[in-house]
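Heads up, the thing below is written out as structure tokens.
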Amino acid sequence: MTPGSEIRFVHKHMGLVPGWGGAARLVQIVGSRAALQLLSGAHGVDPERALHLGLSEGTLSSSDETGSLEEARAWLSQYTEGPASVIRAVKKVVTAGRELPLVAALRTEKDVFGTVWVGLPIWRHWLEDKSINDCQYIINILDILHTKLSPKQIID
């Protein structure tokens, strides 16, 4: 959020309730009491209260459009940079952990791990960028695993 901005749930003034799971997600984020107050009161939530409720990760230091956009992009990049397949995999295992029973979530995690483990060239690239003396040894091991074992063999 930017300084001076607000979040406001105005659905009741429009004769509506949130759709497409918005109310259910709001309850998960802020709890039922706060969700009821936010939806029925339609009051504005400033950056400080939004942070307290878990609706915001923080307030940007810049309030002008250009500065805040650049600041938001920089903040977001820490979560979006990297291989798209790994970012999708992370989202999938987190969603499974939140929505599935533990045994099913663990199975999903194992299955998803197998899909990204084949990305050993990504590991090689990451390790080559590091200044650790043992990196070449690790790269050699990864090369052996990549050529000799399938992801299923590694997991099982």
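Quick note on naming: the chains in the structure tokens go A, B, ... in the order shown, residues restart at 1 in each chain, and ligands are numbered from 1 in order of appearance.
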Tell me, as an NGL selection string, which residues lie within 12 Å of Leu106 of chain A, counting only C-alpha atoms; anything in the same chain fewer than 6 positions away does not count. :A and (92-100 or 112-113)
Could those selected residues go to a file with C-alpha atoms, as a tab-separated table (two decimals), in the first residue's frame?
chain	number	residue	atom	x	y	z
A	92	LYS	CA	1.12	-25.67	-5.65
A	93	VAL	CA	2.72	-27.15	-2.52
A	94	VAL	CA	1.70	-24.19	-0.37
A	95	THR	CA	-1.89	-24.43	-1.62
A	96	ALA	CA	-1.87	-28.17	-0.95
A	97	GLY	CA	-0.52	-27.60	2.55
A	98	ARG	CA	-3.30	-25.11	3.23
A	99	GLU	CA	-6.23	-26.94	1.65
A	100	LEU	CA	-5.54	-30.66	1.83
A	112	VAL	CA	5.71	-31.80	-7.30
A	113	PHE	CA	9.28	-32.26	-6.10
From a DSSP pass on the backbone, collect the residues of segment 9-81 of chain A flagged as helix (DSSP H, G or I) and hand them back as number ranges by chain. A: 11-14, 22-30, 32-41, 47-53, 65-80
So how many Å separate atom CA of Glu65 of chain A and atom CA of Ala42 of chain A, to one decimal? 25.7 Å
One-decimal distance in Å that lies between atom CA of Ala84 of chain A and atom CA of Leu60 of chain A: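 Interatomic distance, atom CA of Leu60 of chain A to atom CA of Ala84 of chain A: 26.2 Å.
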Just how far from atom CA of Gly58 of chain A is atom CA of Leu26 of chain A, in Å to one decimal?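 Interatomic distance here is 17.6 Å.
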Please provide as a list in words all residues within 12 Å of Val27 of chain A, with the sequence filter that same-chain residues fewer than 2 positions apart are discarded (counting only C-alpha atoms). Pro18, Gly21, Gly22, Ala23, Ala24, Arg25, Ile29, Val30, Gly31, Ser32, Arg33, Ala34, Ala35, Leu36, Gln37, Leu38, Leu39, Leu53, Gly54 and Leu55 of chain A
Once you have the residues from the selection above, write them out as a short mmCIF file (atom, residue, chain, number, x, y, z; two decimals), in the first residue's frame, restricted to all heavy atoms.
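part-v3.cif, freshly written:
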data_model
loop_
_atom_site.label_atom_id
_atom_site.label_comp_id
_atom_site.auth_asym_id
_atom_site.auth_seq_id
_atom_site.Cartn_x
_atom_site.Cartn_y
_atom_site.Cartn_z
N PRO A 18 -19.03 -10.24 -1.62
CA PRO A 18 -17.92 -10.66 -2.49
C PRO A 18 -18.25 -11.99 -3.18
O PRO A 18 -18.92 -12.84 -2.60
CB PRO A 18 -16.74 -10.83 -1.53
CG PRO A 18 -17.09 -9.96 -0.38
CD PRO A 18 -18.59 -10.03 -0.25
N GLY A 21 -15.14 -16.43 -4.13
CA GLY A 21 -14.32 -16.84 -3.00
C GLY A 21 -13.70 -15.71 -2.20
O GLY A 21 -12.92 -15.95 -1.29
N GLY A 22 -14.02 -14.46 -2.52
CA GLY A 22 -13.42 -13.33 -1.84
C GLY A 22 -13.73 -13.29 -0.35
O GLY A 22 -12.84 -13.01 0.47
N ALA A 23 -14.97 -13.56 0.03
CA ALA A 23 -15.33 -13.52 1.45
C ALA A 23 -14.65 -14.66 2.21
O ALA A 23 -14.14 -14.46 3.32
CB ALA A 23 -16.85 -13.61 1.62
N ALA A 24 -14.62 -15.84 1.62
CA ALA A 24 -13.98 -16.99 2.28
C ALA A 24 -12.49 -16.73 2.48
O ALA A 24 -11.93 -17.03 3.54
CB ALA A 24 -14.20 -18.27 1.46
N ARG A 25 -11.84 -16.16 1.47
CA ARG A 25 -10.41 -15.86 1.60
C ARG A 25 -10.17 -14.77 2.64
O ARG A 25 -9.20 -14.80 3.37
CB ARG A 25 -9.82 -15.47 0.25
CG ARG A 25 -9.65 -16.66 -0.69
CD ARG A 25 -8.67 -16.37 -1.77
NE ARG A 25 -8.95 -16.28 -3.16
CZ ARG A 25 -10.04 -16.53 -3.86
NH1 ARG A 25 -11.13 -16.86 -3.28
NH2 ARG A 25 -10.08 -16.45 -5.16
N ILE A 29 -7.79 -14.88 6.00
CA ILE A 29 -6.70 -13.92 6.23
C ILE A 29 -6.87 -13.18 7.55
O ILE A 29 -5.93 -13.06 8.33
CB ILE A 29 -6.59 -12.92 5.06
CG1 ILE A 29 -6.16 -13.64 3.79
CG2 ILE A 29 -5.62 -11.79 5.38
CD1 ILE A 29 -6.30 -12.81 2.52
N VAL A 30 -8.07 -12.65 7.80
CA VAL A 30 -8.25 -11.75 8.95
C VAL A 30 -9.08 -12.35 10.08
O VAL A 30 -9.17 -11.75 11.15
CB VAL A 30 -8.90 -10.41 8.51
CG1 VAL A 30 -8.05 -9.73 7.46
CG2 VAL A 30 -10.32 -10.58 8.04
N GLY A 31 -9.70 -13.51 9.87
CA GLY A 31 -10.57 -14.10 10.87
C GLY A 31 -12.02 -13.66 10.66
O GLY A 31 -12.29 -12.66 9.99
N SER A 32 -12.94 -14.40 11.25
CA SER A 32 -14.36 -14.15 10.99
C SER A 32 -14.85 -12.83 11.57
O SER A 32 -15.64 -12.12 10.95
CB SER A 32 -15.22 -15.31 11.50
OG SER A 32 -15.02 -15.51 12.88
N ARG A 33 -14.39 -12.46 12.76
CA ARG A 33 -14.85 -11.22 13.38
C ARG A 33 -14.44 -10.00 12.55
O ARG A 33 -15.27 -9.14 12.23
CB ARG A 33 -14.30 -11.11 14.79
CG ARG A 33 -14.74 -9.86 15.49
CD ARG A 33 -14.20 -9.79 16.89
NE ARG A 33 -14.60 -8.54 17.50
CZ ARG A 33 -14.50 -8.28 18.77
NH1 ARG A 33 -14.00 -9.18 19.59
NH2 ARG A 33 -14.88 -7.12 19.23
N ALA A 34 -13.18 -9.92 12.18
CA ALA A 34 -12.70 -8.78 11.39
C ALA A 34 -13.34 -8.78 10.00
O ALA A 34 -13.68 -7.73 9.47
CB ALA A 34 -11.18 -8.81 11.28
N ALA A 35 -13.50 -9.97 9.40
CA ALA A 35 -14.14 -10.05 8.08
C ALA A 35 -15.57 -9.53 8.14
O ALA A 35 -16.01 -8.77 7.26
CB ALA A 35 -14.12 -11.48 7.55
N LEU A 36 -16.30 -9.89 9.19
CA LEU A 36 -17.67 -9.40 9.35
C LEU A 36 -17.69 -7.88 9.49
O LEU A 36 -18.50 -7.19 8.87
CB LEU A 36 -18.32 -10.07 10.57
CG LEU A 36 -19.78 -9.76 10.81
CD1 LEU A 36 -20.63 -10.17 9.61
CD2 LEU A 36 -20.26 -10.47 12.07
N GLN A 37 -16.77 -7.34 10.26
CA GLN A 37 -16.70 -5.88 10.43
C GLN A 37 -16.34 -5.19 9.10
O GLN A 37 -16.94 -4.18 8.75
CB GLN A 37 -15.66 -5.52 11.49
CG GLN A 37 -16.08 -5.89 12.89
CD GLN A 37 -14.97 -5.68 13.91
OE1 GLN A 37 -13.80 -5.52 13.55
NE2 GLN A 37 -15.32 -5.70 15.19
N LEU A 38 -15.37 -5.74 8.38
CA LEU A 38 -14.94 -5.13 7.12
C LEU A 38 -16.05 -5.16 6.08
O LEU A 38 -16.28 -4.18 5.37
CB LEU A 38 -13.69 -5.83 6.58
CG LEU A 38 -12.41 -5.63 7.37
CD1 LEU A 38 -11.33 -6.58 6.88
CD2 LEU A 38 -11.94 -4.19 7.30
N LEU A 39 -16.74 -6.29 5.98
CA LEU A 39 -17.76 -6.42 4.94
C LEU A 39 -19.05 -5.71 5.29
O LEU A 39 -19.70 -5.13 4.42
CB LEU A 39 -18.03 -7.91 4.66
CG LEU A 39 -16.87 -8.68 4.06
CD1 LEU A 39 -17.19 -10.16 3.98
CD2 LEU A 39 -16.51 -8.13 2.69
N LEU A 53 -3.95 -6.35 10.20
CA LEU A 53 -4.92 -7.40 9.87
C LEU A 53 -4.35 -8.49 8.97
O LEU A 53 -4.94 -9.55 8.82
CB LEU A 53 -6.15 -6.79 9.18
CG LEU A 53 -7.08 -5.95 10.04
CD1 LEU A 53 -8.11 -5.24 9.18
CD2 LEU A 53 -7.76 -6.82 11.10
N GLY A 54 -3.22 -8.21 8.34
CA GLY A 54 -2.65 -9.17 7.40
C GLY A 54 -3.11 -8.95 5.97
O GLY A 54 -2.93 -9.82 5.12
N LEU A 55 -3.72 -7.80 5.69
CA LEU A 55 -4.16 -7.48 4.34
C LEU A 55 -3.04 -6.86 3.52
O LEU A 55 -3.16 -6.69 2.31
CB LEU A 55 -5.35 -6.52 4.37
CG LEU A 55 -6.66 -7.09 4.91
CD1 LEU A 55 -7.69 -5.98 5.07
CD2 LEU A 55 -7.16 -8.18 4.00
#
Option closest in space to Ala50 of chain A, from A:Arg107, A:His13, A:Lys91, A:Arg8 [counting only C-alpha atoms]: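 Among the listed residues, A:Arg8 lies closest to Ala50 of chain A.
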